[in-house]
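In what follows, a single structure is set out as structure tokens and then discussed.
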Amino acid sequence: MTKIYAVANQKGGVGKTTTCVNLAASLVATKKRVLLVDLDPQGNATMGSGVDKSEVELSVYDVLTDRASIAESLVLSESGQYQVLPANGDLTAAEVEMLSLPNKERRLDKALAEVKGQFDYIVIDCPPSLNMLTLNALAACHGVIIPMQCEYYALEGLSALVGTINQIHDVLNPALKIEGILRTMYDPRNSLTNDVSAQLHQHFGDRVYRTCIPRNVRLAEAPSYGQPVMVYDRQSKGAIAYLALAGEIIRRNELSAAAGDESLNSQVTQ
């Protein structure tokens with residue numbers, strides 16, 4: 001079954017786009033079919049995938065406002081070898097236009113239904129705010145991956161996001177859950193980092209990914225070349241970390257599927 005993940009955090013600068021681009025490329029490296037949906041008007045995930053946002057003929061804006069189908073709007077990332085539903089500044093207008101459209105919270109969900117059978121994973125890069133675009137992502141996905149720095153203010157923002165996820169679970173998407181908490185820009189030498197990390201484990205348990213994304217110069221340089229870090233420098237710490245994250249996500253899904261099969265089998269034999 002296709003897994004759809006929204007990468008969300010209303011706090012900016014925590015590594016959402018970096019995570020989307022590099023997780024997509026790392027999943028491709030494990031032979032998975034991947035679609036990256038750029039839902040941020042800044043279009044950074046589009047550019048980081050090597051796609052020029054100023055030259056795309058169709059974008060996620062056209063899909064959300066019924067100007068084009070999702071199938072005709074996809075672009076291949078030559079560097080990452082995954083499909084991209086690109087975004088640019090046009091997307092800013094979509095939020096206003098969607099207010100007058102039917103089922104405004106489910107526009108993305110409806111669009112993804114047309115193509116999700118073609119992919120193993122769909123990763124959605126959300127804007128750094130809890131707006132209509134983020135709401136569409138949360139209504140369409142199975143789980144939320146929350147990248148965050150291990151600092152005090154990040155914990156406050158996290159509690160607000162968890163509250164929003166719970167509300168959307170109750171009202172719009174009963175399948176929605178927190179897939180995982182991803183610690184980014186991680187420096188274990190910092191005592192605050194360790195304190196916040198301990199609090200995360202206390203509150204979220206095994207939903208905190210074992211994989212941490214370190215501060216890494218090559219990781220920061222890669223977007224300016226329109227490449228995932230594993231293409232830019234496969235041996236870098238950042239590339240190795242995102243490959244490990246992809247492996248951890250795949251293993252979690254395999255264990256979950258196996259547990260589901262065992263539960264189904266036990267019901268059949270009872």
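As shown in the structure tokens, the chain order sets the letters A, B, ...; within each chain, residues go from 1, and ligands are also counted from 1 in the order they appear.
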Checklist entry - Which parts of segment 27-269 of chain A does DSSP call strand (DSSP E) when run on the backbone here, written out as an MDAnalysis selection string? => result chainID A and resid 34:38 75:76 83:85 121:125 143:149 177:186 208:214
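Residues within 12 Å of Arg251 of chain A, counting only C-alpha atoms and excluding same-chain residues fewer than 5 positions away, are A:Leu27, A:Thr30, A:Tyr209, A:Ala244, A:Leu245, A:Ala246, A:Ser256, A:Ala257, A:Ala258.
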Deliver the residues from the most recent selection as a file, using C-alpha atoms, as a PDB file, in the first residue's frame.
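What follows is the written file part.pdb:
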ATOM      1  CA  LEU A  27      13.915   5.899  -0.664  1.00  0.00           C
ATOM      2  CA  THR A  30      16.302   1.478  -1.852  1.00  0.00           C
ATOM      3  CA  TYR A 209      13.330   8.083  15.212  1.00  0.00           C
ATOM      4  CA  ALA A 244      19.568   5.390   7.602  1.00  0.00           C
ATOM      5  CA  LEU A 245      16.278   7.265   8.081  1.00  0.00           C
ATOM      6  CA  ALA A 246      14.841   5.739   4.900  1.00  0.00           C
ATOM      7  CA  SER A 256       3.561  -2.801  11.006  1.00  0.00           C
ATOM      8  CA  ALA A 257       2.404  -4.789   7.970  1.00  0.00           C
ATOM      9  CA  ALA A 258       3.588  -8.041   9.547  1.00  0.00           C
TER      10      ALA A 258
END
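The two atoms in question, atom CA of Thr211 of chain A and atom CA of Ala241 of chain A, are spaced 6.7 Å apart.
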Exercise: Thr2 of chain A partners within 8 Å, only C-alpha atoms, chain neighbours under 4 positions left out, as an mmCIF file with N, CA, C and O atoms, in the first residue's frame:
data_model
loop_
_atom_site.group_PDB
_atom_site.id
_atom_site.type_symbol
_atom_site.label_atom_id
_atom_site.label_comp_id
_atom_site.auth_asym_id
_atom_site.auth_seq_id
_atom_site.Cartn_x
_atom_site.Cartn_y
_atom_site.Cartn_z
ATOM 1 N N LYS A 116 -1.720 7.600 -6.715
ATOM 2 C CA LYS A 116 -0.964 7.009 -5.602
ATOM 3 C C LYS A 116 -0.640 5.536 -5.810
ATOM 4 O O LYS A 116 0.349 5.036 -5.255
ATOM 5 N N GLY A 117 -1.426 4.838 -6.625
ATOM 6 C CA GLY A 117 -1.111 3.449 -6.904
ATOM 7 C C GLY A 117 0.186 3.260 -7.679
ATOM 8 O O GLY A 117 0.731 2.157 -7.739
ATOM 9 N N PHE A 119 2.990 4.712 -6.853
ATOM 10 C CA PHE A 119 4.126 5.007 -5.976
ATOM 11 C C PHE A 119 4.066 4.178 -4.701
ATOM 12 O O PHE A 119 2.997 3.817 -4.226
ATOM 13 N N ASP A 120 5.261 3.904 -4.162
ATOM 14 C CA ASP A 120 5.351 3.252 -2.858
ATOM 15 C C ASP A 120 5.269 4.280 -1.737
ATOM 16 O O ASP A 120 4.695 4.013 -0.683
ATOM 17 N N TYR A 121 5.876 5.455 -1.982
ATOM 18 C CA TYR A 121 5.885 6.520 -0.978
ATOM 19 C C TYR A 121 5.572 7.861 -1.634
ATOM 20 O O TYR A 121 6.080 8.160 -2.722
ATOM 21 N N ILE A 122 4.738 8.642 -0.960
ATOM 22 C CA ILE A 122 4.496 10.025 -1.354
ATOM 23 C C ILE A 122 4.876 10.907 -0.172
ATOM 24 O O ILE A 122 4.382 10.702 0.946
#
Quick one: contact table of segment 154-213 of chain A to segment 87-109 of chain A, 12 Å max, nearest atom pair and distance in Å to one decimal per residue, counting only C-alpha atoms, chain and number order, as a Markdown table?
| residue | atom | partner | partner_atom | distance |
| --- | --- | --- | --- | --- |
| A:Ile168 | CA | A:Glu105 | CA | 10.3 |
| A:Val171 | CA | A:Glu105 | CA | 11.0 |
| A:Leu172 | CA | A:Glu105 | CA | 8.3 |
| A:Asn173 | CA | A:Arg106 | CA | 9.9 |
What does the file look like for those residues with N, CA, C and O atoms, as an mmCIF file, in the first residue's frame?
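Below you can see result11.cif, which holds the result:
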data_model
loop_
_atom_site.group_PDB
_atom_site.id
_atom_site.type_symbol
_atom_site.label_atom_id
_atom_site.label_comp_id
_atom_site.auth_asym_id
_atom_site.auth_seq_id
_atom_site.Cartn_x
_atom_site.Cartn_y
_atom_site.Cartn_z
ATOM 1 N N ILE A 168 -7.428 17.353 13.539
ATOM 2 C CA ILE A 168 -7.667 16.883 12.168
ATOM 3 C C ILE A 168 -7.980 15.382 12.171
ATOM 4 O O ILE A 168 -8.809 14.903 11.393
ATOM 5 N N VAL A 171 -11.675 15.164 13.090
ATOM 6 C CA VAL A 171 -12.664 15.793 12.211
ATOM 7 C C VAL A 171 -12.536 15.365 10.749
ATOM 8 O O VAL A 171 -13.537 15.121 10.070
ATOM 9 N N LEU A 172 -11.294 15.258 10.251
ATOM 10 C CA LEU A 172 -11.087 15.079 8.814
ATOM 11 C C LEU A 172 -10.459 13.755 8.408
ATOM 12 O O LEU A 172 -10.786 13.199 7.356
ATOM 13 N N ASN A 173 -9.523 13.266 9.221
ATOM 14 C CA ASN A 173 -8.703 12.144 8.767
ATOM 15 C C ASN A 173 -8.435 11.178 9.924
ATOM 16 O O ASN A 173 -7.431 11.285 10.624
#
Item to check | Contact residues around Ala239 of chain A with only C-alpha atoms at 9 Å, ignoring same-chain residues under 4 positions, as a PyMOL selection string | outcome: chain A and resi 22+26+218-219+228-235+243-244
Export N, CA, C and O atoms of the chosen residues as an mmCIF file, in the first residue's frame?
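Ended up saving to part16.cif:
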data_model
loop_
_atom_site.group_PDB
_atom_site.id
_atom_site.type_symbol
_atom_site.label_atom_id
_atom_site.label_comp_id
_atom_site.auth_asym_id
_atom_site.auth_seq_id
_atom_site.Cartn_x
_atom_site.Cartn_y
_atom_site.Cartn_z
ATOM 1 N N ASN A 22 15.846 14.788 0.619
ATOM 2 C CA ASN A 22 16.824 13.729 0.860
ATOM 3 C C ASN A 22 16.186 12.405 1.262
ATOM 4 O O ASN A 22 16.729 11.341 0.954
ATOM 5 N N SER A 26 16.668 9.040 -0.903
ATOM 6 C CA SER A 26 17.138 7.853 -0.182
ATOM 7 C C SER A 26 16.182 6.683 -0.364
ATOM 8 O O SER A 26 16.612 5.531 -0.466
ATOM 9 N N ARG A 218 27.933 19.680 3.904
ATOM 10 C CA ARG A 218 27.564 19.156 2.587
ATOM 11 C C ARG A 218 26.046 19.108 2.419
ATOM 12 O O ARG A 218 25.521 19.331 1.322
ATOM 13 N N LEU A 219 25.355 18.842 3.511
ATOM 14 C CA LEU A 219 23.895 18.836 3.507
ATOM 15 C C LEU A 219 23.355 20.224 3.189
ATOM 16 O O LEU A 219 22.366 20.380 2.470
ATOM 17 N N PRO A 228 20.000 16.211 -4.254
ATOM 18 C CA PRO A 228 19.981 15.617 -2.915
ATOM 19 C C PRO A 228 21.423 15.384 -2.462
ATOM 20 O O PRO A 228 22.318 15.200 -3.294
ATOM 21 N N VAL A 229 21.638 15.358 -1.163
ATOM 22 C CA VAL A 229 23.013 15.253 -0.669
ATOM 23 C C VAL A 229 23.659 13.924 -1.054
ATOM 24 O O VAL A 229 24.878 13.847 -1.231
ATOM 25 N N MET A 230 22.856 12.871 -1.219
ATOM 26 C CA MET A 230 23.461 11.593 -1.567
ATOM 27 C C MET A 230 23.983 11.582 -3.009
ATOM 28 O O MET A 230 24.809 10.748 -3.353
ATOM 29 N N VAL A 231 23.514 12.509 -3.829
ATOM 30 C CA VAL A 231 24.060 12.682 -5.175
ATOM 31 C C VAL A 231 25.258 13.633 -5.117
ATOM 32 O O VAL A 231 26.285 13.404 -5.755
ATOM 33 N N TYR A 232 25.121 14.679 -4.309
ATOM 34 C CA TYR A 232 26.166 15.691 -4.184
ATOM 35 C C TYR A 232 27.411 15.124 -3.497
ATOM 36 O O TYR A 232 28.540 15.351 -3.941
ATOM 37 N N ASP A 233 27.219 14.395 -2.407
ATOM 38 C CA ASP A 233 28.338 13.772 -1.697
ATOM 39 C C ASP A 233 27.804 12.565 -0.919
ATOM 40 O O ASP A 233 27.369 12.684 0.224
ATOM 41 N N ARG A 234 27.837 11.425 -1.560
ATOM 42 C CA ARG A 234 27.245 10.207 -0.998
ATOM 43 C C ARG A 234 27.923 9.766 0.295
ATOM 44 O O ARG A 234 27.309 9.076 1.125
ATOM 45 N N GLN A 235 29.172 10.156 0.488
ATOM 46 C CA GLN A 235 29.922 9.723 1.667
ATOM 47 C C GLN A 235 29.776 10.672 2.853
ATOM 48 O O GLN A 235 30.321 10.417 3.924
ATOM 49 N N LEU A 243 19.960 8.097 4.467
ATOM 50 C CA LEU A 243 19.816 6.707 4.045
ATOM 51 C C LEU A 243 19.383 5.827 5.223
ATOM 52 O O LEU A 243 18.547 4.930 5.080
ATOM 53 N N ALA A 244 19.951 6.130 6.396
ATOM 54 C CA ALA A 244 19.568 5.390 7.602
ATOM 55 C C ALA A 244 18.105 5.660 7.955
ATOM 56 O O ALA A 244 17.371 4.753 8.364
#
Next on the checklist: Would you pick out the contacts of Leu133 of chain A at 8 Å or less, using only C-alpha atoms, so that residues sharing its chain but fewer than 5 positions from it are not included, and give the list as a PyMOL selection string?
Outcome noted: chain A and resi 39-40+95+126-127
